[in-house]
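Shown here: coords-v3.cif, mmCIF, C-alpha atoms.
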```cif
data_data
loop_
_atom_site.group_PDB
_atom_site.id
_atom_site.type_symbol
_atom_site.label_atom_id
_atom_site.label_comp_id
_atom_site.auth_asym_id
_atom_site.auth_seq_id
_atom_site.Cartn_x
_atom_site.Cartn_y
_atom_site.Cartn_z
ATOM 1 C CA LYS A 1 -40.346 29.265 -49.827
ATOM 2 C CA ARG A 2 -39.692 26.424 -47.426
ATOM 3 C CA LEU A 3 -36.370 24.691 -47.943
ATOM 4 C CA THR A 4 -36.042 20.970 -48.463
ATOM 5 C CA LEU A 5 -34.305 18.795 -45.900
ATOM 6 C CA ARG A 6 -31.440 18.354 -48.348
ATOM 7 C CA GLN A 7 -30.974 22.119 -48.454
ATOM 8 C CA HIS A 8 -31.003 22.274 -44.657
ATOM 9 C CA ALA A 9 -28.321 19.586 -44.623
ATOM 10 C CA LEU A 10 -26.170 21.534 -47.092
ATOM 11 C CA ALA A 11 -26.569 24.740 -45.093
ATOM 12 C CA GLY A 12 -25.729 22.906 -41.864
ATOM 13 C CA ALA A 13 -22.616 21.267 -43.330
ATOM 14 C CA PHE A 14 -21.355 24.599 -44.649
ATOM 15 C CA ALA A 15 -22.106 26.446 -41.402
ATOM 16 C CA ARG A 16 -20.457 23.835 -39.190
ATOM 17 C CA ALA A 17 -17.284 23.645 -41.289
ATOM 18 C CA VAL A 18 -16.902 27.435 -41.432
ATOM 19 C CA ALA A 19 -17.539 27.924 -37.715
ATOM 20 C CA GLN A 20 -15.210 25.210 -36.431
ATOM 21 C CA SER A 21 -12.432 26.230 -38.816
ATOM 22 C CA CYS A 22 -12.615 29.850 -37.670
ATOM 23 C CA VAL A 23 -12.147 29.064 -33.969
ATOM 24 C CA HIS A 24 -9.920 25.998 -34.287
ATOM 25 C CA PRO A 25 -6.836 27.535 -32.590
ATOM 26 C CA LEU A 26 -8.919 28.499 -29.562
ATOM 27 C CA ASN A 27 -10.439 25.025 -29.514
ATOM 28 C CA VAL A 28 -6.947 23.486 -29.462
ATOM 29 C CA ALA A 29 -6.015 25.650 -26.482
ATOM 30 C CA LYS A 30 -9.252 24.737 -24.689
ATOM 31 C CA THR A 31 -8.849 21.005 -25.295
ATOM 32 C CA THR A 32 -5.211 21.075 -24.158
ATOM 33 C CA LEU A 33 -6.120 22.957 -20.991
ATOM 34 C CA GLN A 34 -8.864 20.467 -20.105
ATOM 35 C CA THR A 35 -6.499 17.451 -20.092
ATOM 36 C CA ALA A 36 -4.920 16.204 -16.867
ATOM 37 C CA ASN A 37 -1.623 18.077 -17.386
ATOM 38 C CA GLY A 38 -3.295 20.869 -19.337
ATOM 39 C CA PRO A 39 -1.640 24.022 -17.867
ATOM 40 C CA ALA A 40 1.881 22.654 -18.335
ATOM 41 C CA ALA A 41 1.112 21.390 -21.854
ATOM 42 C CA LEU A 42 -0.420 24.716 -22.921
ATOM 43 C CA LYS A 43 2.543 26.637 -21.501
ATOM 44 C CA ALA A 44 4.944 24.430 -23.441
ATOM 45 C CA MET A 45 2.933 24.913 -26.652
ATOM 46 C CA THR A 46 3.098 28.707 -26.413
ATOM 47 C CA SER A 47 6.626 29.001 -25.002
ATOM 48 C CA GLY A 48 7.908 30.578 -28.213
ATOM 49 C CA GLY A 49 5.447 33.461 -28.009
ATOM 50 C CA LEU A 50 1.865 33.858 -29.168
ATOM 51 C CA PHE A 51 2.801 35.000 -32.671
ATOM 52 C CA SER A 52 5.646 32.573 -33.304
ATOM 53 C CA ALA A 53 5.473 30.003 -36.105
ATOM 54 C CA THR A 54 5.950 27.146 -33.627
ATOM 55 C CA THR A 55 3.001 28.251 -31.499
ATOM 56 C CA TRP A 56 0.672 28.500 -34.487
ATOM 57 C CA HIS A 57 1.903 25.159 -35.757
ATOM 58 C CA HIS A 58 0.621 23.648 -32.503
ATOM 59 C CA LEU A 59 -2.571 25.714 -32.382
ATOM 60 C CA THR A 60 -3.603 24.749 -35.912
ATOM 61 C CA ARG A 61 -2.895 21.034 -35.663
ATOM 62 C CA GLY A 62 -5.895 18.992 -36.738
ATOM 63 C CA LEU A 63 -7.470 21.870 -38.688
ATOM 64 C CA GLY A 64 -7.928 19.827 -41.869
ATOM 65 C CA ALA A 65 -9.434 16.893 -40.004
ATOM 66 C CA GLN A 66 -11.726 19.228 -38.079
ATOM 67 C CA ALA A 67 -13.061 20.910 -41.220
ATOM 68 C CA PHE A 68 -13.488 17.606 -43.063
ATOM 69 C CA LEU A 69 -15.254 15.751 -40.249
ATOM 70 C CA SER A 70 -17.445 18.684 -39.230
ATOM 71 C CA MET A 71 -19.357 18.704 -42.530
ATOM 72 C CA PRO A 72 -21.274 15.405 -42.069
ATOM 73 C CA ASN A 73 -21.795 16.355 -38.430
ATOM 74 C CA GLY A 74 -23.458 19.643 -39.367
ATOM 75 C CA ALA A 75 -25.444 18.087 -42.203
ATOM 76 C CA ILE A 76 -26.948 15.343 -40.022
ATOM 77 C CA ASN A 77 -27.547 17.657 -37.075
ATOM 78 C CA PHE A 78 -29.513 20.348 -38.913
ATOM 79 C CA CYS A 79 -31.305 17.940 -41.230
ATOM 80 C CA VAL A 80 -32.598 15.806 -38.348
ATOM 81 C CA MET A 81 -33.393 18.910 -36.328
ATOM 82 C CA GLU A 82 -35.506 20.399 -39.118
ATOM 83 C CA GLY A 83 -37.178 17.063 -39.892
ATOM 84 C CA THR A 84 -38.069 16.595 -36.225
ATOM 85 C CA ARG A 85 -39.446 20.132 -36.036
ATOM 86 C CA ARG A 86 -41.721 19.542 -39.038
ATOM 87 C CA PHE A 87 -42.979 16.291 -37.549
ATOM 88 C CA ILE A 88 -43.692 17.823 -34.139
ATOM 89 C CA CYS A 89 -45.338 20.895 -35.669
ATOM 90 C CA THR A 90 -47.970 18.679 -37.285
ATOM 91 C CA VAL A 91 -49.158 17.958 -33.743
ATOM 92 C CA ALA A 92 -48.203 21.210 -31.996
ATOM 93 C CA PRO A 93 -48.090 23.871 -34.716
ATOM 94 C CA ARG A 94 -47.635 26.837 -32.366
ATOM 95 C CA GLY A 95 -43.963 26.005 -31.729
ATOM 96 C CA GLY A 96 -42.063 27.464 -28.792
ATOM 97 C CA ALA A 97 -38.950 26.944 -26.692
ATOM 98 C CA LEU A 98 -39.839 23.363 -25.773
ATOM 99 C CA ILE A 99 -40.073 22.328 -29.428
ATOM 100 C CA ASP A 100 -36.819 24.149 -30.203
ATOM 101 C CA ALA A 101 -35.027 22.342 -27.380
ATOM 102 C CA THR A 102 -36.524 18.963 -28.340
ATOM 103 C CA THR A 103 -35.577 19.253 -31.995
ATOM 104 C CA ALA A 104 -32.026 20.366 -31.139
ATOM 105 C CA ALA A 105 -31.676 17.478 -28.707
ATOM 106 C CA CYS A 106 -32.827 14.979 -31.344
ATOM 107 C CA GLY A 107 -30.508 16.392 -33.990
ATOM 108 C CA THR A 108 -27.523 16.412 -31.653
ATOM 109 C CA ALA A 109 -28.204 12.891 -30.376
ATOM 110 C CA VAL A 110 -28.420 11.428 -33.890
ATOM 111 C CA ALA A 111 -25.361 13.398 -35.003
ATOM 112 C CA THR A 112 -23.238 11.774 -32.277
ATOM 113 C CA VAL A 113 -22.870 8.888 -34.726
ATOM 114 C CA VAL A 114 -20.499 11.265 -36.538
ATOM 115 C CA SER A 115 -19.598 13.802 -33.854
ATOM 116 C CA LEU A 116 -18.288 11.234 -31.347
ATOM 117 C CA PRO A 117 -15.618 9.843 -33.713
ATOM 118 C CA GLN A 118 -14.868 13.439 -34.685
ATOM 119 C CA SER A 119 -14.364 14.369 -31.022
ATOM 120 C CA ILE A 120 -12.233 11.311 -30.281
ATOM 121 C CA LEU A 121 -9.948 11.806 -33.266
ATOM 122 C CA ASN A 122 -9.746 15.608 -33.157
ATOM 123 C CA ASP A 123 -9.370 15.835 -29.372
ATOM 124 C CA ARG A 124 -6.422 13.445 -29.537
ATOM 125 C CA ILE A 125 -4.829 15.410 -32.374
ATOM 126 C CA MET A 126 -5.442 18.747 -30.640
ATOM 127 C CA GLY A 127 -4.212 17.309 -27.347
ATOM 128 C CA GLY A 128 -0.920 16.311 -28.973
ATOM 129 C CA ALA A 129 -1.275 12.523 -28.845
ATOM 130 C CA HIS A 130 -1.229 12.234 -32.671
ATOM 131 C CA VAL A 131 -0.089 14.449 -35.519
ATOM 132 C CA SER A 132 -2.568 13.531 -38.261
ATOM 133 C CA LEU A 133 -6.011 12.071 -38.879
ATOM 134 C CA GLY A 134 -4.568 8.897 -40.384
ATOM 135 C CA GLU A 135 -2.281 8.292 -37.411
ATOM 136 C CA ALA A 136 -5.099 8.935 -34.942
ATOM 137 C CA LEU A 137 -7.467 6.584 -36.772
ATOM 138 C CA LYS A 138 -4.802 3.878 -36.935
ATOM 139 C CA ALA A 139 -4.067 4.178 -33.214
ATOM 140 C CA VAL A 140 -7.699 4.320 -32.084
ATOM 141 C CA GLY A 141 -9.059 1.708 -34.505
ATOM 142 C CA TRP A 142 -12.562 1.535 -35.916
ATOM 143 C CA ARG A 143 -13.898 -0.155 -32.790
ATOM 144 C CA GLY A 144 -12.377 2.516 -30.593
ATOM 145 C CA LEU A 145 -14.439 5.245 -32.232
ATOM 146 C CA TYR A 146 -17.552 4.321 -30.234
ATOM 147 C CA PRO A 147 -16.567 3.501 -26.638
ATOM 148 C CA ARG A 148 -19.642 3.289 -24.441
ATOM 149 C CA SER A 149 -18.239 5.463 -21.658
ATOM 150 C CA ALA A 150 -17.179 8.263 -24.026
ATOM 151 C CA TRP A 151 -20.510 8.050 -25.870
ATOM 152 C CA THR A 152 -22.396 8.484 -22.584
ATOM 153 C CA ALA A 153 -20.236 11.469 -21.678
ATOM 154 C CA ALA A 154 -20.711 13.011 -25.133
ATOM 155 C CA LEU A 155 -24.487 12.630 -24.980
ATOM 156 C CA CYS A 156 -24.650 14.092 -21.483
ATOM 157 C CA ALA A 157 -22.485 17.053 -22.481
ATOM 158 C CA LYS A 158 -23.661 17.856 -26.015
ATOM 159 C CA VAL A 159 -27.386 17.138 -26.047
ATOM 160 C CA PRO A 160 -28.464 19.524 -23.255
ATOM 161 C CA ALA A 161 -25.888 22.128 -24.335
ATOM 162 C CA TYR A 162 -27.163 22.311 -27.907
ATOM 163 C CA ALA A 163 -30.763 22.133 -26.721
ATOM 164 C CA VAL A 164 -30.241 25.193 -24.518
ATOM 165 C CA ASN A 165 -28.242 26.917 -27.279
ATOM 166 C CA TRP A 166 -30.847 26.452 -29.989
ATOM 167 C CA ALA A 167 -33.852 27.190 -27.770
ATOM 168 C CA ALA A 168 -32.272 30.405 -26.491
ATOM 169 C CA TYR A 169 -31.199 31.418 -29.994
ATOM 170 C CA GLN A 170 -34.614 30.843 -31.550
ATOM 171 C CA GLY A 171 -36.354 32.511 -28.624
ATOM 172 C CA LEU A 172 -34.207 35.633 -28.974
ATOM 173 C CA ARG A 173 -34.736 35.653 -32.756
ATOM 174 C CA ARG A 174 -38.507 35.533 -32.302
ATOM 175 C CA THR A 175 -38.311 38.337 -29.762
ATOM 176 C CA PHE A 176 -36.231 40.641 -31.948
ATOM 177 C CA SER A 177 -38.095 39.820 -35.162
ATOM 178 C CA LYS A 178 -41.533 40.821 -33.909
ATOM 179 C CA ASN A 179 -43.660 43.124 -36.039
ATOM 180 C CA GLY A 180 -42.125 41.702 -39.200
ATOM 181 C CA ARG A 181 -38.630 42.995 -38.496
ATOM 182 C CA LYS A 182 -36.014 41.175 -40.583
ATOM 183 C CA LEU A 183 -32.774 40.139 -38.903
ATOM 184 C CA GLY A 184 -29.462 40.323 -40.731
ATOM 185 C CA THR A 185 -26.229 38.425 -40.280
ATOM 186 C CA ARG A 186 -24.900 40.853 -37.670
ATOM 187 C CA ALA A 187 -27.978 40.377 -35.497
ATOM 188 C CA ASP A 188 -27.746 36.580 -35.859
ATOM 189 C CA VAL A 189 -24.119 36.669 -34.694
ATOM 190 C CA LEU A 190 -24.956 38.734 -31.592
ATOM 191 C CA ILE A 191 -27.984 36.599 -30.715
ATOM 192 C CA GLY A 192 -25.986 33.394 -31.176
ATOM 193 C CA ALA A 193 -23.212 34.729 -28.926
ATOM 194 C CA CYS A 194 -25.672 35.552 -26.133
ATOM 195 C CA ALA A 195 -27.305 32.124 -26.347
ATOM 196 C CA ALA A 196 -23.966 30.299 -26.404
ATOM 197 C CA SER A 197 -22.582 32.203 -23.406
ATOM 198 C CA ALA A 198 -25.392 31.021 -21.159
ATOM 199 C CA SER A 199 -25.084 27.443 -22.378
ATOM 200 C CA VAL A 200 -21.307 27.289 -21.926
ATOM 201 C CA CYS A 201 -21.420 28.517 -18.334
ATOM 202 C CA LEU A 202 -24.039 25.887 -17.474
ATOM 203 C CA MET A 203 -22.496 22.923 -19.290
ATOM 204 C CA ILE A 204 -18.720 23.390 -18.833
ATOM 205 C CA PRO A 205 -18.384 20.678 -16.126
ATOM 206 C CA LEU A 206 -19.862 17.970 -18.363
ATOM 207 C CA ASP A 207 -17.806 19.170 -21.312
ATOM 208 C CA THR A 208 -14.616 18.832 -19.262
ATOM 209 C CA VAL A 209 -15.547 15.265 -18.351
ATOM 210 C CA LYS A 210 -16.339 14.553 -21.995
ATOM 211 C CA VAL A 211 -12.898 15.784 -23.083
ATOM 212 C CA ARG A 212 -11.224 13.628 -20.451
ATOM 213 C CA MET A 213 -13.127 10.588 -21.710
ATOM 214 C CA THR A 214 -12.554 11.153 -25.429
ATOM 215 C CA THR A 215 -8.830 11.847 -25.027
ATOM 216 C CA GLY A 216 -8.241 8.892 -22.726
ATOM 217 C CA ASN A 217 -7.286 11.446 -20.042
ATOM 218 C CA LEU A 218 -3.905 12.348 -21.505
ATOM 219 C CA GLY A 219 -1.318 12.676 -18.771
ATOM 220 C CA GLY A 220 -3.407 10.821 -16.171
ATOM 221 C CA ILE A 221 -5.163 7.554 -15.421
ATOM 222 C CA ALA A 222 -7.786 6.198 -17.814
ATOM 223 C CA TYR A 223 -11.322 6.458 -16.430
ATOM 224 C CA LYS A 224 -13.592 3.418 -16.433
ATOM 225 C CA ASN A 225 -16.888 5.257 -16.903
ATOM 226 C CA LEU A 226 -18.609 8.589 -16.398
ATOM 227 C CA GLY A 227 -19.154 8.131 -12.660
ATOM 228 C CA HIS A 228 -15.561 7.060 -12.107
ATOM 229 C CA ALA A 229 -14.310 10.115 -13.994
ATOM 230 C CA ILE A 230 -16.398 12.564 -11.946
ATOM 231 C CA THR A 231 -15.538 11.072 -8.556
ATOM 232 C CA THR A 232 -11.834 10.742 -9.379
ATOM 233 C CA MET A 233 -11.592 14.304 -10.624
ATOM 234 C CA LEU A 234 -13.322 15.625 -7.516
ATOM 235 C CA LYS A 235 -11.076 13.591 -5.240
ATOM 236 C CA ASP A 236 -7.748 14.275 -6.945
ATOM 237 C CA GLU A 237 -8.179 17.783 -8.379
ATOM 238 C CA GLY A 238 -11.123 19.394 -6.641
ATOM 239 C CA LEU A 239 -14.180 21.176 -7.982
ATOM 240 C CA PHE A 240 -12.156 23.845 -9.794
ATOM 241 C CA CYS A 241 -10.848 21.334 -12.370
ATOM 242 C CA PHE A 242 -14.325 21.162 -13.947
ATOM 243 C CA TYR A 243 -14.166 24.891 -14.710
ATOM 244 C CA ARG A 244 -10.495 25.104 -15.672
ATOM 245 C CA GLY A 245 -11.354 25.293 -19.368
ATOM 246 C CA LEU A 246 -14.120 27.899 -18.978
ATOM 247 C CA PRO A 247 -12.210 30.992 -20.250
ATOM 248 C CA PRO A 248 -10.868 29.347 -23.437
ATOM 249 C CA ARG A 249 -14.180 27.567 -23.946
ATOM 250 C CA LEU A 250 -16.031 30.874 -23.815
ATOM 251 C CA LEU A 251 -13.509 32.280 -26.286
ATOM 252 C CA SER A 252 -13.860 29.303 -28.626
ATOM 253 C CA VAL A 253 -17.439 28.036 -28.322
ATOM 254 C CA VAL A 254 -19.259 31.368 -28.128
ATOM 255 C CA PRO A 255 -17.876 32.681 -31.449
ATOM 256 C CA MET A 256 -18.174 29.206 -32.980
ATOM 257 C CA ILE A 257 -21.879 28.931 -32.145
ATOM 258 C CA ALA A 258 -22.483 32.540 -33.159
ATOM 259 C CA ILE A 259 -20.735 32.022 -36.512
ATOM 260 C CA GLN A 260 -22.428 28.660 -37.045
ATOM 261 C CA PHE A 261 -25.969 29.899 -36.445
ATOM 262 C CA ALA A 262 -25.437 33.110 -38.423
ATOM 263 C CA THR A 263 -23.829 31.204 -41.317
ATOM 264 C CA TYR A 264 -26.651 28.677 -41.246
ATOM 265 C CA GLU A 265 -29.284 31.414 -41.525
ATOM 266 C CA TYR A 266 -27.270 33.159 -44.244
ATOM 267 C CA ALA A 267 -26.915 29.908 -46.221
ATOM 268 C CA LYS A 268 -30.656 29.263 -45.895
ATOM 269 C CA ARG A 269 -31.367 32.672 -47.407
ATOM 270 C CA ARG A 270 -28.853 32.312 -50.254
ATOM 271 C CA LEU A 271 -29.052 28.602 -51.064
ATOM 272 C CA PRO A 272 -32.259 28.580 -53.166
ATOM 273 C CA ALA A 273 -31.006 31.372 -55.448
ATOM 274 C CA LEU A 274 -27.574 29.736 -55.711
ATOM 275 C CA GLU A 275 -29.042 26.347 -56.624
ATOM 276 C CA ALA A 276 -31.348 27.952 -59.199
ATOM 277 C CA HIS A 277 -28.384 29.782 -60.742
ATOM 278 C CA LEU A 278 -26.310 26.595 -60.870
ATOM 279 C CA MET A 279 -29.171 24.619 -62.406
ATOM 280 C CA GLN A 280 -29.703 27.306 -65.039
ATOM 281 C CA ALA A 281 -25.982 27.331 -65.858
ATOM 282 C CA GLY A 282 -26.016 23.534 -66.043
ATOM 283 C CA ARG A 283 -28.969 23.509 -68.421
ATOM 284 C CA LYS A 284 -27.244 26.044 -70.671
ATOM 285 C CA LEU A 285 -24.117 23.916 -70.727
ATOM 286 C CA VAL A 286 -26.110 20.794 -71.597
ATOM 287 C CA ASP A 287 -27.934 22.661 -74.358
ATOM 288 C CA GLN A 288 -24.667 23.868 -75.818
ATOM 289 C CA LEU A 289 -23.145 20.403 -75.748
ATOM 290 C CA SER A 290 -26.243 18.810 -77.316
ATOM 291 C CA THR A 291 -26.607 21.380 -80.123
ATOM 292 C CA PRO A 292 -25.175 19.936 -83.384
ATOM 293 C CA LEU A 293 -22.410 21.902 -84.943
ATOM 294 C CA ALA A 294 -23.210 23.817 -88.145
ATOM 295 C CA PRO A 295 -21.633 22.341 -91.277
ATOM 296 C CA ASP A 296 -18.647 24.155 -92.688
ATOM 297 C CA ALA A 297 -19.505 26.730 -95.340
ATOM 298 C CA PRO A 298 -18.389 25.736 -98.864
ATOM 299 C CA ARG A 299 -15.132 27.302 -99.806
ATOM 300 C CA GLU A 300 -14.891 29.412 -102.961
ATOM 301 C CA LYS A 301 -12.590 28.147 -105.623
ATOM 302 C CA VAL A 302 -9.645 30.390 -106.309
ATOM 303 C CA VAL A 303 -8.552 30.602 -109.944
ATOM 304 C CA ILE A 304 -4.952 31.570 -110.543
ATOM 305 C CA ASN A 305 -4.207 33.074 -113.958
#
```

Whole structure given in structure tokens:
Amino acid sequence: KRLTLRQHALAGAFARAVAQSCVHPLNVAKTTLQTANGPAALKAMTSGGLFSATTWHHLTRGLGAQAFLSMPNGAINFCVMEGTRRFICTVAPRGGALIDATTAACGTAVATVVSLPQSILNDRIMGGAHVSLGEALKAVGWRGLYPRSAWTAALCAKVPAYAVNWAAYQGLRRTFSKNGRKLGTRADVLIGACAASASVCLMIPLDTVKVRMTTGNLGGIAYKNLGHAITTMLKDEGLFCFYRGLPPRLLSVVPMIAIQFATYEYAKRRLPALEAHLMQAGRKLVDQLSTPLAPDAPREKVVIN
């Protein structure tokens, strides 16, 4: 049975929150390494040892904000993506990689209304500029959540990356599910990891620029726009700076995308039965509350001799 768009939104919100929470420490390390003084900052963060309480205090900063803000991001992304797919399939019902990439691009572009403020606030918290969501929001201000230069960088980095991710993921799923073969969660995780690996290697330069723009280039000069950021980074740091965050990004994004896609497919399979169970339980509760209580039975009189 085809799910409703609301159910796709619920599945997307759940999948995004679970995935980003699972890999948050790696994402903190990646974001720190991509800033202007990233290597020194990351070394200072982990100076007490990888398993020390201080290190994990730094690596888990912003976890609550990340989980909270990722839910509307995932809901909008997957809802718009599915709605766009249904609209396009009325004209081109055969589907294919081009439709997968187009729908993912549309969903990601619309979701930047939520994902850009999420990136700005969380990147600053993970980079060490602020210690909490409230402090970051107070420092950035509502108007600072949508700077034009950072929005351009986010669109250039996220839209093609998620388009490649989703198209590769769906293409591999169609390939492995031929002849009616059903794919489980383990297969979805492996397919998502393969698709994400290719996307990360292609899009890491734009992601590095995006992080520099959303964090205000912590430890360096503030960039005026996307072109200024690219030329300045090439001039001052060389080509290698665009790929400096590739190892931690592979370690963080690949499992995140794999977990997100697999959790999304799992939630799609389980959500209808879960909603039906909850509705049935709710109806039983309403019936019990609306049933009038039986009158008390008359008590027998006790005669004492």

Show me, as JSON lines, the residues of segment 157-250 of chain A having an atom within 7 Å of segment 90-107 of chain A, each with the closest atom pair and its distance in Å, using all atoms listed in the file.
```
{"residue": "A:Val159", "atom": "CA", "partner": "A:Ala105", "partner_atom": "CA", "distance": 5.1}
{"residue": "A:Pro160", "atom": "CA", "partner": "A:Ala105", "partner_atom": "CA", "distance": 6.7}
{"residue": "A:Tyr162", "atom": "CA", "partner": "A:Ala104", "partner_atom": "CA", "distance": 6.2}
{"residue": "A:Ala163", "atom": "CA", "partner": "A:Ala101", "partner_atom": "CA", "distance": 4.3}
{"residue": "A:Val164", "atom": "CA", "partner": "A:Ala101", "partner_atom": "CA", "distance": 6.3}
{"residue": "A:Trp166", "atom": "CA", "partner": "A:Ala104", "partner_atom": "CA", "distance": 6.3}
{"residue": "A:Ala167", "atom": "CA", "partner": "A:Asp100", "partner_atom": "CA", "distance": 4.9}
{"residue": "A:Gly171", "atom": "CA", "partner": "A:Ala97", "partner_atom": "CA", "distance": 6.4}
```

Residues of segment 15-63 of chain A that approach segment 118-131 of chain A to 12 Å or less, counting all atoms listed in the file: could you list each one with the shortest pair of atoms and its distance in Å to one decimal, rows by chain and increasing residue number, as a Markdown table?
```
| residue | atom | partner | partner_atom | distance |
| --- | --- | --- | --- | --- |
| A:Gln20 | CA | A:Asn122 | CA | 11.5 |
| A:His24 | CA | A:Met126 | CA | 9.3 |
| A:Pro25 | CA | A:Met126 | CA | 9.1 |
| A:Leu26 | CA | A:Met126 | CA | 10.4 |
| A:Asn27 | CA | A:Met126 | CA | 8.1 |
| A:Val28 | CA | A:Met126 | CA | 5.1 |
| A:Ala29 | CA | A:Met126 | CA | 8.1 |
| A:Lys30 | CA | A:Met126 | CA | 9.3 |
| A:Thr31 | CA | A:Gly127 | CA | 6.3 |
| A:Thr32 | CA | A:Gly127 | CA | 5.0 |
| A:Leu33 | CA | A:Gly127 | CA | 8.7 |
| A:Gln34 | CA | A:Gly127 | CA | 9.2 |
| A:Thr35 | CA | A:Gly127 | CA | 7.6 |
| A:Ala36 | CA | A:Gly127 | CA | 10.6 |
| A:Asn37 | CA | A:Gly127 | CA | 10.3 |
| A:Gly38 | CA | A:Gly127 | CA | 8.8 |
| A:Pro39 | CA | A:Gly127 | CA | 11.9 |
| A:Ala41 | CA | A:Gly127 | CA | 8.7 |
| A:Leu42 | CA | A:Gly127 | CA | 9.4 |
| A:Ala44 | CA | A:Gly128 | CA | 11.4 |
| A:Met45 | CA | A:Gly128 | CA | 9.7 |
| A:His57 | CA | A:Val131 | CA | 10.9 |
| A:His58 | CA | A:Met126 | CA | 8.0 |
| A:Leu59 | CA | A:Met126 | CA | 7.7 |
| A:Thr60 | CA | A:Met126 | CA | 8.2 |
| A:Arg61 | CA | A:Met126 | CA | 6.1 |
| A:Gly62 | CA | A:Ile125 | CA | 5.7 |
| A:Leu63 | CA | A:Asn122 | CA | 8.7 |
```

Dump as a count of residues only all residues having an atom at most 6 Å from (-27.5, 25.9, -22.4), computed in the file's coordinates with only C-alpha atoms. 5

Resolved residues for the PyMOL selection byres ((chain A and resi 82) around 12) as JSON, numbers by chain: {"A": [2, 3, 4, 5, 6, 7, 8, 9, 11, 12, 75, 76, 77, 78, 79, 80, 81, 83, 84, 85, 86, 87, 88, 89, 99, 100, 101, 102, 103, 104, 105, 106, 107, 108, 166]}

For Val23 of chain A, the nearest of the candidates A:Lys182, A:Arg148, A:Arg249, A:Lys268, counting all atoms listed in the file: A:Arg249

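The interatomic distance for the pair atom CA of Ala157 of chain A and atom CA of Lys210 of chain A works out to 6.7 Å.
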
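The two atoms in question, atom CA of Cys156 of chain A and atom CA of Asp207 of chain A, are spaced 8.5 Å apart.
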
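Relative to atom CA of Thr214 of chain A, atom CA of Ala150 of chain A is found at 5.6 Å.
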
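This file, queried with the PyMOL selection byres ((chain A and resi 253) around 8), gives the residues Val23, Asn27, Ala196, Val200, Arg249, Leu250, Leu251, Ser252, Val254, Pro255, Met256 and Ile257 of chain A.
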
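The neighbours of Phe176 of chain A here are the residues that come within 12 Å of it, using all atoms listed in the file and leaving out any residue fewer than 5 positions away in the same chain; they are Tyr169, Gln170, Gly171, Arg181, Lys182, Leu183, Gly184, Ala187, Asp188, Leu190 and Ile191 of chain A.
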
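When all atoms listed in the file are used to measure the gap to Thr185 of chain A, the shortest distance among A:Ala136, A:Leu234, A:Met71, A:Ala258 belongs to A:Ala258.
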
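Comparing A:Gly227, A:Gly48, A:Pro117, A:Gly192 by their smallest distance to Gln260 of chain A, the closest is A:Gly192 (using all atoms listed in the file).
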
Need the axis-aligned box for segment 220-231 of chain A with 3 Å each side, so what are the centre and edges in Å to one decimal, as lines of an AutoDock Vina configuration file?
```
center_x = -11.3
center_y = 8.0
center_z = -13.2
size_x = 21.7
size_y = 15.1
size_z = 15.3
```
